[in-house]
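Enquirer: Please find start29.txt (compact mmCIF, C-alpha atoms and all ligand atoms) on the next line:
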# COMPACT_ATOMS: atom_id res chain seq x y z
CA MET S 1109 -20.17 6.18 1.15
CA ALA S 1110 -17.22 7.04 -1.05
CA LEU S 1111 -18.87 6.57 -4.46
CA THR S 1112 -22.58 6.75 -5.32
CA ASP S 1113 -24.78 3.66 -5.63
CA LYS S 1114 -24.98 4.35 -9.33
CA GLN S 1115 -21.20 4.33 -9.61
CA TYR S 1116 -20.92 1.03 -7.71
CA LYS S 1117 -23.50 -0.48 -10.01
CA GLN S 1118 -21.65 0.81 -13.05
CA LEU S 1119 -18.43 -0.75 -11.75
CA ARG S 1120 -20.17 -4.03 -11.04
CA ASP S 1121 -21.51 -4.06 -14.62
CA GLU S 1122 -18.06 -3.37 -16.01
CA LEU S 1123 -16.61 -6.23 -13.99
CA ASP S 1124 -19.39 -8.66 -14.85
CA HIS S 1125 -19.08 -7.91 -18.54
CA CYS S 1126 -15.56 -8.87 -19.42
CA LYS S 1127 -13.88 -12.19 -20.17
CA LYS S 1128 -10.20 -11.40 -20.07
CA PRO S 1129 -9.52 -8.43 -17.81
CA LEU S 1130 -6.03 -7.18 -17.03
CA PHE S 1131 -5.55 -5.63 -13.58
CA PHE S 1132 -2.74 -3.24 -12.69
CA PHE S 1133 -2.41 -2.65 -8.96
CA HIS S 1134 -0.25 -0.87 -6.37
CA ASP S 1135 2.26 -2.98 -4.45
CA ASP S 1136 0.84 -2.45 -0.98
CA PRO S 1137 -1.89 -4.29 0.94
CA ASP S 1138 -4.58 -1.89 -0.30
CA GLY S 1139 -3.66 -2.43 -3.95
CA LEU S 1140 -3.23 -6.17 -3.52
CA CYS S 1141 -6.57 -6.58 -1.74
CA SER S 1142 -8.35 -4.45 -4.34
CA PHE S 1143 -7.08 -6.82 -7.01
CA LEU S 1144 -7.96 -9.93 -4.98
CA LEU S 1145 -11.52 -8.75 -4.38
CA LEU S 1146 -12.23 -8.13 -8.08
CA TYR S 1147 -10.36 -11.19 -9.33
CA ARG S 1148 -11.97 -13.55 -6.80
CA HIS S 1149 -15.35 -12.33 -8.04
CA ILE S 1150 -14.84 -12.77 -11.75
CA LYS S 1151 -12.19 -15.55 -11.59
CA GLU S 1152 -10.79 -14.51 -14.95
CA GLY S 1153 -7.90 -12.41 -16.11
CA LYS S 1154 -4.45 -11.51 -14.91
CA GLY S 1155 -2.95 -9.19 -12.32
CA ILE S 1156 0.20 -7.12 -12.62
CA CYS S 1157 1.63 -5.61 -9.47
CA ILE S 1158 3.38 -2.29 -10.19
CA LYS S 1159 6.50 -2.40 -8.13
CA SER S 1160 8.77 0.56 -8.75
CA SER S 1161 6.87 3.86 -8.64
CA PRO S 1162 3.05 3.93 -8.37
CA LYS S 1163 2.60 4.96 -11.99
CA VAL S 1164 1.24 3.45 -15.21
CA ASP S 1165 3.12 4.90 -18.18
CA ALA S 1166 3.86 4.01 -21.81
CA SER S 1167 6.29 1.30 -20.72
CA PHE S 1168 3.27 -0.84 -19.82
CA ILE S 1169 1.73 -0.72 -23.31
CA ARG S 1170 3.77 -3.79 -24.27
CA LYS S 1171 2.39 -5.77 -21.31
CA VAL S 1172 -1.14 -4.98 -22.50
CA GLU S 1173 -0.36 -6.03 -26.08
CA GLU S 1174 1.23 -9.28 -24.90
CA TYR S 1175 -1.83 -10.29 -22.90
CA GLY S 1176 -4.58 -8.96 -25.19
CA PRO S 1177 -7.23 -8.14 -22.55
CA ASP S 1178 -10.81 -7.10 -23.33
CA LYS S 1179 -10.81 -4.63 -20.40
CA ILE S 1180 -8.24 -3.01 -18.13
CA PHE S 1181 -8.63 -2.17 -14.45
CA ILE S 1182 -6.16 0.13 -12.71
CA LEU S 1183 -6.35 -0.13 -8.91
CA ASP S 1184 -4.98 2.14 -6.17
CA LEU S 1185 -2.40 3.73 -8.46
CA ALA S 1186 -1.96 7.49 -8.08
CA LEU S 1187 -0.66 8.22 -11.56
CA VAL S 1188 -1.66 7.07 -15.05
CA ASN S 1189 -0.06 8.82 -18.02
CA GLN S 1190 -2.22 10.06 -20.89
CA ASP S 1191 0.05 8.45 -23.50
CA PHE S 1192 -0.68 5.04 -21.96
CA LEU S 1193 -4.44 5.69 -22.06
CA ASP S 1194 -4.28 6.97 -25.64
CA ALA S 1195 -2.69 3.72 -26.78
CA MET S 1196 -5.46 1.56 -25.28
CA LYS S 1197 -8.00 0.01 -27.63
CA VAL S 1198 -10.20 -1.52 -24.90
CA PRO S 1199 -12.08 0.16 -22.01
CA VAL S 1200 -9.93 1.27 -19.08
CA ILE S 1201 -11.48 1.50 -15.60
CA TRP S 1202 -9.39 3.38 -13.03
CA ILE S 1203 -10.28 3.12 -9.33
CA ASP S 1204 -8.20 5.32 -7.04
CA HIS S 1205 -8.32 7.44 -3.90
CA HIS S 1206 -5.26 9.67 -4.28
CA GLN S 1207 -5.24 13.27 -5.50
CA PRO S 1208 -7.67 13.36 -8.48
CA LEU S 1209 -6.21 13.86 -11.96
CA GLU S 1210 -7.74 14.95 -15.29
CA ARG S 1211 -7.44 12.23 -17.92
CA ASP S 1212 -9.22 11.27 -21.17
CA ASN S 1213 -10.03 7.86 -22.57
CA VAL S 1214 -10.62 6.33 -19.12
CA LYS S 1215 -13.57 5.65 -16.83
CA TYR S 1216 -12.35 7.23 -13.63
CA PHE S 1217 -13.70 6.43 -10.17
CA ASN S 1218 -12.23 8.43 -7.31
CA PRO S 1219 -14.23 9.47 -4.20
CA ARG S 1220 -12.09 12.60 -3.93
CA VAL S 1221 -13.60 14.02 -7.11
CA ALA S 1222 -16.86 14.63 -5.21
CA ASP S 1223 -15.29 15.26 -1.81
CA SER S 1224 -11.64 16.25 -1.69
CA LYS S 1225 -11.20 14.86 1.84
CA ASP S 1226 -12.75 11.45 1.17
CA ASN S 1227 -9.72 9.26 0.59
CA ILE S 1228 -11.28 5.98 1.65
CA PRO S 1229 -9.02 3.10 0.46
CA ALA S 1230 -9.47 1.46 -2.93
CA SER S 1231 -10.12 -1.91 -1.29
CA TYR S 1232 -13.23 -0.46 0.37
CA ILE S 1233 -14.54 0.58 -3.05
CA CYS S 1234 -13.72 -2.85 -4.50
CA TYR S 1235 -15.54 -4.51 -1.59
CA ARG S 1236 -18.65 -2.45 -2.30
CA ILE S 1237 -18.50 -3.63 -5.93
CA VAL S 1238 -18.40 -7.35 -5.10
CA GLU S 1239 -19.88 -7.41 -1.54
CA LYS S 1240 -17.92 -10.51 -0.55
CA ASP S 1241 -14.59 -11.56 1.02
CA LEU S 1242 -14.92 -9.13 3.92
CA TRP S 1243 -11.63 -10.31 5.45
CA VAL S 1244 -9.70 -9.46 2.27
CA ALA S 1245 -11.31 -6.01 2.20
CA VAL S 1246 -10.47 -5.27 5.83
CA CYS S 1247 -6.81 -6.27 5.32
CA GLY S 1248 -6.56 -3.68 2.55
CA ILE S 1249 -8.47 -0.95 4.37
CA VAL S 1250 -6.67 -1.24 7.72
CA GLY S 1251 -3.39 -1.68 5.80
CA ASP S 1252 -3.98 1.86 4.52
CA TRP S 1253 -4.50 3.14 8.11
CA PHE S 1254 -8.31 3.31 8.12
CA LEU S 1255 -10.28 1.58 10.85
CA PRO S 1256 -13.94 2.09 10.17
CA PRO S 1257 -15.89 1.31 8.03
CA LEU S 1258 -16.51 -2.45 7.97
CA SER S 1259 -14.33 -3.05 11.04
CA LYS S 1260 -17.38 -3.56 13.30
CA GLU S 1261 -18.84 -6.17 11.02
CA PHE S 1262 -15.40 -7.77 10.80
CA SER S 1263 -14.94 -7.81 14.60
CA GLU S 1264 -18.28 -9.53 14.97
CA ARG S 1265 -17.34 -12.20 12.50
CA TYR S 1266 -13.70 -12.54 13.56
CA PRO S 1267 -13.49 -11.39 17.21
CA LYS S 1268 -10.13 -13.11 17.71
CA LEU S 1269 -8.56 -11.22 14.84
CA LEU S 1270 -9.82 -7.76 15.75
CA PRO S 1271 -11.25 -7.26 19.26
CA LYS S 1272 -14.19 -4.84 19.29
CA ASN S 1273 -12.52 -2.38 21.66
CA ILE S 1274 -9.80 -1.49 19.14
CA THR S 1275 -10.64 1.89 17.64
CA LYS S 1276 -7.32 3.14 16.25
CA PRO S 1277 -5.74 1.83 13.03
CA ASP S 1278 -2.22 1.73 14.49
CA LYS S 1279 -3.41 -0.41 17.38
CA ALA S 1280 -5.15 -2.72 14.94
CA LEU S 1281 -1.96 -2.92 12.88
CA PHE S 1282 0.55 -3.56 15.63
CA SER S 1283 -1.31 -5.40 18.37
CA THR S 1284 -3.84 -7.76 16.74
CA LYS S 1285 -3.99 -10.93 14.65
CA LEU S 1286 -5.47 -8.84 11.85
CA GLY S 1287 -2.30 -6.73 11.98
CA GLU S 1288 -0.21 -9.91 11.64
CA LEU S 1289 -2.20 -10.86 8.58
CA ILE S 1290 -1.71 -7.41 7.03
CA LYS S 1291 2.03 -7.69 7.68
CA ILE S 1292 2.00 -11.02 5.82
CA PHE S 1293 0.21 -9.34 2.90
CA SER S 1294 2.83 -6.61 2.78
CA PHE S 1295 5.82 -9.00 3.12
CA ILE S 1296 4.74 -11.29 0.28
CA LEU S 1297 4.86 -8.25 -2.03
CA LYS S 1298 8.64 -7.97 -1.44
CA GLY S 1299 11.30 -9.74 -3.44
CA LYS S 1300 11.39 -10.97 -7.02
CA THR S 1301 8.31 -10.46 -9.22
CA GLU S 1302 8.20 -14.20 -9.89
CA ASP S 1303 7.89 -15.01 -6.17
CA VAL S 1304 5.38 -12.24 -5.63
CA MET S 1305 3.17 -13.50 -8.45
CA LYS S 1306 3.30 -17.06 -7.11
CA CYS S 1307 2.04 -15.88 -3.72
CA ILE S 1308 -0.69 -13.75 -5.27
CA LYS S 1309 -1.90 -16.69 -7.32
CA VAL S 1310 -2.17 -18.78 -4.16
CA LEU S 1311 -3.96 -15.95 -2.35
CA THR S 1312 -6.70 -15.91 -4.98
CA ARG S 1313 -7.65 -19.41 -3.79
CA ILE S 1314 -7.59 -19.03 -0.02
CA GLU S 1315 -10.99 -19.11 1.67
CA THR S 1316 -10.39 -17.94 5.25
CA PRO S 1317 -7.80 -15.83 7.12
CA TYR S 1318 -7.10 -18.77 9.47
CA GLU S 1319 -5.64 -20.80 6.61
CA ILE S 1320 -2.81 -18.25 6.52
CA LEU S 1321 -2.51 -17.35 10.20
CA GLU S 1322 -2.57 -20.97 11.35
CA GLY S 1323 -1.06 -22.48 8.21
CA SER S 1324 -3.95 -24.93 8.21
CA THR S 1325 -4.00 -25.68 4.46
CA PRO S 1326 -1.12 -26.22 2.01
CA GLN S 1327 -1.98 -22.87 0.39
CA GLY S 1328 -2.01 -21.05 3.71
CA LYS S 1329 1.26 -22.71 4.70
CA PHE S 1330 2.87 -21.59 1.46
CA ILE S 1331 1.99 -17.94 2.11
CA LEU S 1332 3.07 -18.13 5.72
CA ARG S 1333 6.42 -19.70 4.84
CA ARG S 1334 7.20 -17.00 2.27
CA ALA S 1335 6.21 -14.20 4.66
CA LYS S 1336 8.40 -15.69 7.40
CA GLN S 1337 11.46 -15.60 5.12
CA ILE S 1338 10.96 -11.89 4.52
CA GLU S 1339 10.05 -11.21 8.13
CA LYS S 1340 13.47 -12.44 9.25
CA ASP S 1341 15.11 -9.64 7.29
CA TYR S 1342 12.62 -7.14 8.60
CA ASP S 1343 13.03 -8.15 12.23
CA ASP S 1344 16.83 -7.87 12.01
CA LEU S 1345 16.49 -4.31 10.72
CA LEU S 1346 13.86 -3.41 13.31
CA LYS S 1347 16.13 -4.64 16.11
CA GLU S 1348 19.02 -2.56 14.76
CA ALA S 1349 16.83 0.49 14.25
CA LEU S 1350 15.52 0.36 17.81
CA LYS S 1351 19.12 0.47 19.08
CA SER S 1352 19.45 3.95 17.57
CA VAL S 1353 16.76 5.39 19.85
CA THR S 1354 18.18 8.04 22.20
CA LYS S 1355 16.75 10.93 24.21
CA ASP S 1356 16.84 12.91 21.00
CA LYS S 1357 13.54 13.92 19.37
CA LEU S 1358 14.76 12.38 16.11
CA ILE S 1359 15.09 8.63 15.62
CA LEU S 1360 17.46 8.18 12.69
CA TYR S 1361 18.35 4.84 11.17
CA TYR S 1362 19.71 3.91 7.75
CA TYR S 1363 20.79 0.72 6.09
CA LYS S 1364 22.05 -0.53 2.75
CA GLY S 1365 22.74 -3.64 0.76
CA ARG S 1366 19.44 -5.43 1.28
CA GLU S 1367 17.24 -6.76 -1.44
CA ASN S 1368 14.09 -5.11 -0.14
CA SER S 1369 12.98 -1.71 1.01
CA PHE S 1370 11.40 -1.78 4.44
CA THR S 1371 11.64 1.92 5.28
CA LYS S 1372 7.85 2.48 5.25
CA GLU S 1373 7.11 -0.53 7.43
CA LEU S 1374 9.94 0.22 9.87
CA ALA S 1375 9.00 3.89 10.19
CA ASN S 1376 5.35 2.98 10.90
CA GLU S 1377 6.16 0.39 13.53
CA ILE S 1378 8.74 2.58 15.28
CA LEU S 1379 6.29 5.48 15.36
CA PHE S 1380 3.78 3.19 17.04
CA LYS S 1381 6.37 2.46 19.76
CA TYR S 1382 7.51 6.11 20.02
CA PRO S 1383 4.52 8.27 19.07
CA ASN S 1384 6.12 11.54 20.21
CA LYS S 1385 9.33 11.25 18.23
CA VAL S 1386 10.21 12.12 14.66
CA ILE S 1387 11.21 9.01 12.75
CA LEU S 1388 13.59 9.05 9.78
CA ILE S 1389 14.35 5.63 8.26
CA CYS S 1390 16.47 5.46 5.12
CA ARG S 1391 17.81 2.93 2.70
CA GLU S 1392 20.94 3.70 0.71
CA LYS S 1393 20.69 2.69 -2.94
CA GLY S 1394 22.49 3.92 -6.04
CA GLY S 1395 24.07 6.97 -4.38
CA GLU S 1396 20.79 8.09 -2.88
CA MET S 1397 19.09 7.84 0.48
CA LYS S 1398 15.46 6.80 0.12
CA CYS S 1399 13.74 7.97 3.27
CA SER S 1400 10.49 7.46 5.12
CA LEU S 1401 9.59 10.16 7.61
CA ARG S 1402 6.93 9.94 10.32
CA THR S 1403 5.69 12.17 13.12
CA GLY S 1404 3.02 12.05 15.79
CA PRO S 1405 0.03 14.41 15.85
CA ASP S 1406 2.02 17.41 17.17
CA LEU S 1407 4.04 18.07 13.99
CA ILE S 1408 2.86 18.66 10.40
CA LEU S 1409 5.55 17.28 8.11
CA PRO S 1410 5.24 18.73 4.58
CA PRO S 1411 6.23 22.36 5.43
CA ILE S 1412 9.12 21.10 7.62
CA LEU S 1413 10.33 18.79 4.88
CA GLU S 1414 10.14 21.56 2.32
CA LYS S 1415 12.38 23.80 4.46
CA ALA S 1416 14.78 20.97 5.27
CA LEU S 1417 15.17 20.32 1.52
CA HIS S 1418 15.88 23.98 0.74
CA ASP S 1419 19.64 23.76 -0.03
CA ILE S 1420 19.64 20.02 -0.67
CA ASP S 1421 19.91 17.89 -3.81
CA GLY S 1422 16.78 15.83 -3.28
CA TYR S 1423 13.00 15.82 -3.29
CA GLY S 1424 10.13 14.63 -1.17
CA GLY S 1425 6.55 15.08 -0.01
CA GLY S 1426 3.48 13.27 1.21
CA HIS S 1427 0.90 13.43 3.98
CA GLU S 1428 0.67 15.40 7.23
CA HIS S 1429 2.40 12.79 9.38
CA ALA S 1430 3.95 10.52 6.77
CA CYS S 1431 6.32 11.61 4.01
CA GLY S 1432 8.84 10.10 1.65
CA ALA S 1433 12.05 11.74 0.45
CA CYS S 1434 15.00 10.95 -1.74
CA ILE S 1435 18.32 12.65 -0.96
CA LYS S 1436 21.68 12.49 -2.77
CA ILE S 1437 24.11 10.81 -0.44
CA ASP S 1438 26.57 13.74 -0.29
CA ASP S 1439 23.81 16.02 1.00
CA PHE S 1440 22.36 13.61 3.50
CA ASN S 1441 24.18 14.89 6.61
CA GLN S 1442 23.21 18.45 5.80
CA PHE S 1443 19.59 17.35 5.35
CA VAL S 1444 19.60 15.66 8.77
CA ASP S 1445 21.10 18.81 10.37
CA ASN S 1446 18.40 20.95 8.75
CA LEU S 1447 15.71 18.60 9.94
CA ARG S 1448 17.01 18.55 13.52
CA LYS S 1449 16.91 22.34 13.68
CA LEU S 1450 13.33 22.46 12.42
CA ILE S 1451 11.86 19.94 14.82
MN MN M 1 -4.38 2.84 -1.22
Would you put the structure from the file into C-alpha cells?

Expert:
Amino acid sequence: MALTDKQYKQLRDELDHCKKPLFFFHDDPDGLCSFLLLYRHIKEGKGICIKSSPKVDASFIRKVEEYGPDKIFILDLALVNQDFLDAMKVPVIWIDHHQPLERDNVKYFNPRVADSKDNIPASYICYRIVEKDLWVAVCGIVGDWFLPPLSKEFSERYPKLLPKNITKPDKALFSTKLGELIKIFSFILKGKTEDVMKCIKVLTRIETPYEILEGSTPQGKFILRRAKQIEKDYDDLLKEALKSVTKDKLILYYYKGRENSFTKELANEILFKYPNKVILICREKGGEMKCSLRTGPDLILPPILEKALHDIDGYGGGHEHACGACIKIDDFNQFVDNLRKLI
C-alpha cells in the first residue's frame, strides 16, 4: 500500500547507500518517528527538526553547507522551495503525504501522486523501507490519526499498549498506553531546540516502549522526566480550557505568555471529550491569535472558516474537521461572532 514495491526498494537502496545523510523532519510525532525509523536503520547522519512552519526554504542552505552531507532526506514536510533544491549538490529524497507539489532536482515519494486520497502517514512509508521498530512506526501513524494499518500486528505484540478492540484513532490516542507514549513523543518536541535534540538523540537508542512508559532504563527515564515537565504546563491549560465549556455549541479558550504552543493538542483532546461541539483554542502571540479549530463529523470546517474570515485580517485552512487559523488580535472578537453565526 501507499507506494509501490519498486518505490520502497528504491528508497531502501537510497538509504543503504549513503554515509552521512542529513534528515529534515516535521516537528510532530509522525515526522519524528519517520526520522527515528530511518536513522535507527542506518545509524549515521544527523536530524534537524523543523520547528516554525513545515517548510524547507533557502534559509536551510547554510545548515546543509555546515554539515556537508552526502544525501538529504526530507520527511513529512508539506513544502520544499525550489530555490533550496536548486542549491543542493547532493541527492535529495523527499518523502511526504500532504498535497503533492511539482518540484525539480528532487526524488519525490508521495502516495497522493498516484491516489489523491491516499494520505497514509510518512512514518508508515518509512516503516516499509526499514521493516523494523514497529512500535516507533505505530507511534507516528496513530499520532497522525490513522489506526490501521499495522495496528493489529502491534496489538498482538503489545496487547497492554493497544487492546485489540480499539478501532478508532481518537480512542487509541486518549484512552490507551500507546496514546500516552504518543503524547510523550509530542511533548518532547516542545521547548528549546537544544532540549529537543537531546531527547531525540536519546530516543535513537531506546529499544522498547516500556523503557519510556515505565522509566525502566536511564534513557527511558530521561525522556519521561522531560515529557513530565512539559505535561505540567499542558495539564494546567487543559484544566482551564475545560472550565470554559458551557451549553454553547462553541468551546472557546485562549491563552498567552507560555513558552509553547499547545493549541493543536488541546483542541484534539477537548474534541475527544466533546465530540459534538466546535472547538476553538487560541494562543496569543505577537499581536495575533494562533488558532486550532476542530469539529465532529456533522460539520465540514473549510467552507465555514472561509466565510468567517471574510471581513477579517487573518488567514486559515486545513482539513474537513481540523483547521488552523491566524487572526489579528483586533479582529478576533468579530471572527468569533462570525463563527458563532455560521455554526
Ligand atoms: Mn504526517

Enquirer: Give me, as CSV, each residue of segment 1110-1219 of chain S that comes within 6 Å of segment 1234-1240 of chain S, together with its shortest interatomic pair and the distance in Å at one decimal, counting all atoms listed in the file, with rows ordered by chain and rising residue number.

Expert:
residue,atom,partner,partner_atom,distance
S:Tyr1116,CA,S:Ile1237,CA,5.5
S:Arg1120,CA,S:Ile1237,CA,5.4
S:Ser1142,CA,S:Cys1234,CA,5.6

Enquirer: Give me, as CSV, each residue of chain S that comes within 7 Å of ligand MN 1 (chain M), together with its shortest interatomic pair and the distance in Å at one decimal, counting only C-alpha atoms and all ligand atoms, with rows ordered by chain and rising residue number.

Expert:
residue,atom,partner,partner_atom,distance
S:Asp1138,CA,M:MN1,MN,4.8
S:Gly1139,CA,M:MN1,MN,6.0
S:Asp1184,CA,M:MN1,MN,5.0
S:His1205,CA,M:MN1,MN,6.6
S:Pro1229,CA,M:MN1,MN,4.9
S:Ala1230,CA,M:MN1,MN,5.5
S:Asp1252,CA,M:MN1,MN,5.8

Enquirer: Create the file for the chosen residues now, containing C-alpha atoms and written as a PDB file, keeping the file's coordinate frame.

Expert:
ATOM      1  CA  ASP S1138      -4.580  -1.890  -0.300  1.00  0.00           C
ATOM      2  CA  GLY S1139      -3.660  -2.430  -3.950  1.00  0.00           C
ATOM      3  CA  ASP S1184      -4.980   2.140  -6.170  1.00  0.00           C
ATOM      4  CA  HIS S1205      -8.320   7.440  -3.900  1.00  0.00           C
ATOM      5  CA  PRO S1229      -9.020   3.100   0.460  1.00  0.00           C
ATOM      6  CA  ALA S1230      -9.470   1.460  -2.930  1.00  0.00           C
ATOM      7  CA  ASP S1252      -3.980   1.860   4.520  1.00  0.00           C
TER       8      ASP S1252
END

Enquirer: Contacts of segment 1347-1349 of chain S at 8 Å or less, counting all atoms listed in the file, minus same-chain residues fewer than 4 places along, as a PyMOL selection string?

Expert: chain S and resi 1343+1353+1360-1362

Enquirer: List the spatial neighbours of Lys1279 of chain S as a VMD selection string - criterion: any atom at most 12 Å away, all atoms listed in the file, same-chain residues fewer than 3 positions off excluded.

Expert: chain S and resid 1250 to 1251 1253 to 1255 1270 to 1276 1282 to 1288 1376 to 1377 1379 to 1381 1383

Enquirer: Write out as a ChimeraX atom specification which residues come within 9 Å of segment 1159-1175 of chain S when counting all atoms listed in the file, dropping same-chain ones fewer than 6 positions away.

Expert: /S:1128,1130,1132-1135,1182,1184-1193,1195-1196,1297-1298,1301

Enquirer: Quick check, in Å to one decimal: how far apart do atom CA of Lys1385 of chain S and atom CA of Phe1440 of chain S lie?

Expert: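 Interatomic distance, atom CA of Lys1385 of chain S to atom CA of Phe1440 of chain S: 19.8 Å.
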
Enquirer: Leaving out Gln1327 of chain S and any residue of its chain fewer than 3 positions from it, which residues lie within 8 Å of it when counting only C-alpha atoms, given as a ChimeraX atom specification?

Expert: /S:1310-1311,1313-1314,1319-1320,1323,1330-1331

Enquirer: Could you tell me how far atom CA of Phe1181 of chain S sits from atom CA of Pro1317 of chain S, in Å to one decimal place?

Expert: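 Spanning atom CA of Pro1317 of chain S to atom CA of Phe1181 of chain S is a straight-line distance of 25.5 Å.
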
Enquirer: Taking only C-alpha atoms into account, which of S:Ile1437, S:Val1444, S:Leu1140, S:Ile1156 comes nearest Leu1413 of chain S?

Expert: S:Val1444

Enquirer: I need the residue nearest Ile1158 of chain S from this list: S:Leu1183, S:Ile1389, S:Ile1412, S:Leu1447. Use only C-alpha atoms for the distance.

Expert: S:Leu1183

Enquirer: Rounded to one decimal, what separation in Å do you get between atom CA of Cys1399 of chain S and atom CA of Ser1369 of chain S?

Expert: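 So the two atoms, atom CA of Cys1399 of chain S and atom CA of Ser1369 of chain S, lie 10.0 Å apart.
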
Enquirer: Just need the box for segment 1402-1405 of chain S, edges along x, y and z, holding every atom the file lists for it with 8 Å tacked onto each side, so centre and edge lengths in Å to one decimal, as JSON.

Expert:
{"center_x": 3.5, "center_y": 12.2, "center_z": 13.1, "size_x": 22.9, "size_y": 20.5, "size_z": 21.5}

Enquirer: Using only C-alpha atoms, find the one residue out of S:Gly1248, S:Pro1177, S:Gly1404, S:Gly1395 that sits nearest to Ile1228 of chain S.

Expert: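 The shortest atom-to-atom distance to Ile1228 of chain S comes from S:Gly1248.
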
Enquirer: Missing atoms in segment 1411-1430 of chain S: fill them in up to N, CA and C atoms and send the result as a CSV table (one decimal), in the frame of the given file.

Expert:
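Final output, saved to result_2.csv:
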chain,number,residue,atom,x,y,z
S,1411,PRO,N,5.5,21.1,5.4
S,1411,PRO,CA,6.2,22.4,5.4
S,1411,PRO,C,7.6,22.2,6.0
S,1412,ILE,N,7.8,21.3,7.0
S,1412,ILE,CA,9.1,21.1,7.6
S,1412,ILE,C,10.1,20.5,6.6
S,1413,LEU,N,9.5,19.5,5.9
S,1413,LEU,CA,10.3,18.8,4.9
S,1413,LEU,C,10.8,19.8,3.8
S,1414,GLU,N,9.8,20.6,3.4
S,1414,GLU,CA,10.1,21.6,2.3
S,1414,GLU,C,11.3,22.5,2.7
S,1415,LYS,N,11.3,23.0,4.0
S,1415,LYS,CA,12.4,23.8,4.5
S,1415,LYS,C,13.7,23.0,4.6
S,1416,ALA,N,13.6,21.8,5.1
S,1416,ALA,CA,14.8,21.0,5.3
S,1416,ALA,C,15.4,20.6,3.9
S,1417,LEU,N,14.6,20.7,2.8
S,1417,LEU,CA,15.2,20.3,1.5
S,1417,LEU,C,15.7,21.5,0.8
S,1418,HIS,N,15.6,22.7,1.4
S,1418,HIS,CA,15.9,24.0,0.7
S,1418,HIS,C,17.2,24.0,0.0
S,1419,ASP,N,18.3,23.7,0.6
S,1419,ASP,CA,19.6,23.8,0.0
S,1419,ASP,C,20.2,22.4,-0.4
S,1420,ILE,N,19.3,21.4,-0.6
S,1420,ILE,CA,19.6,20.0,-0.7
S,1420,ILE,C,19.3,19.5,-2.1
S,1421,ASP,N,20.2,18.6,-2.6
S,1421,ASP,CA,19.9,17.9,-3.8
S,1421,ASP,C,19.0,16.7,-3.5
S,1422,GLY,N,17.7,16.9,-3.6
S,1422,GLY,CA,16.8,15.8,-3.3
S,1422,GLY,C,15.4,16.3,-3.4
S,1423,TYR,N,14.4,15.4,-3.2
S,1423,TYR,CA,13.0,15.8,-3.3
S,1423,TYR,C,12.2,15.0,-2.3
S,1424,GLY,N,11.0,15.4,-2.1
S,1424,GLY,CA,10.1,14.6,-1.2
S,1424,GLY,C,8.8,15.3,-1.0
S,1425,GLY,N,7.9,14.6,-0.3
S,1425,GLY,CA,6.6,15.1,0.0
S,1425,GLY,C,5.7,14.0,0.5
S,1426,GLY,N,4.4,14.3,0.7
S,1426,GLY,CA,3.5,13.3,1.2
S,1426,GLY,C,2.4,13.8,2.1
S,1427,HIS,N,2.0,13.1,3.1
S,1427,HIS,CA,0.9,13.4,4.0
S,1427,HIS,C,1.3,14.2,5.2
S,1428,GLU,N,0.4,14.6,6.0
S,1428,GLU,CA,0.7,15.4,7.2
S,1428,GLU,C,1.7,14.7,8.2
S,1429,HIS,N,1.5,13.5,8.4
S,1429,HIS,CA,2.4,12.8,9.4
S,1429,HIS,C,3.2,11.7,8.8
S,1430,ALA,N,3.2,11.6,7.4
S,1430,ALA,CA,4.0,10.5,6.8
S,1430,ALA,C,4.4,11.0,5.4
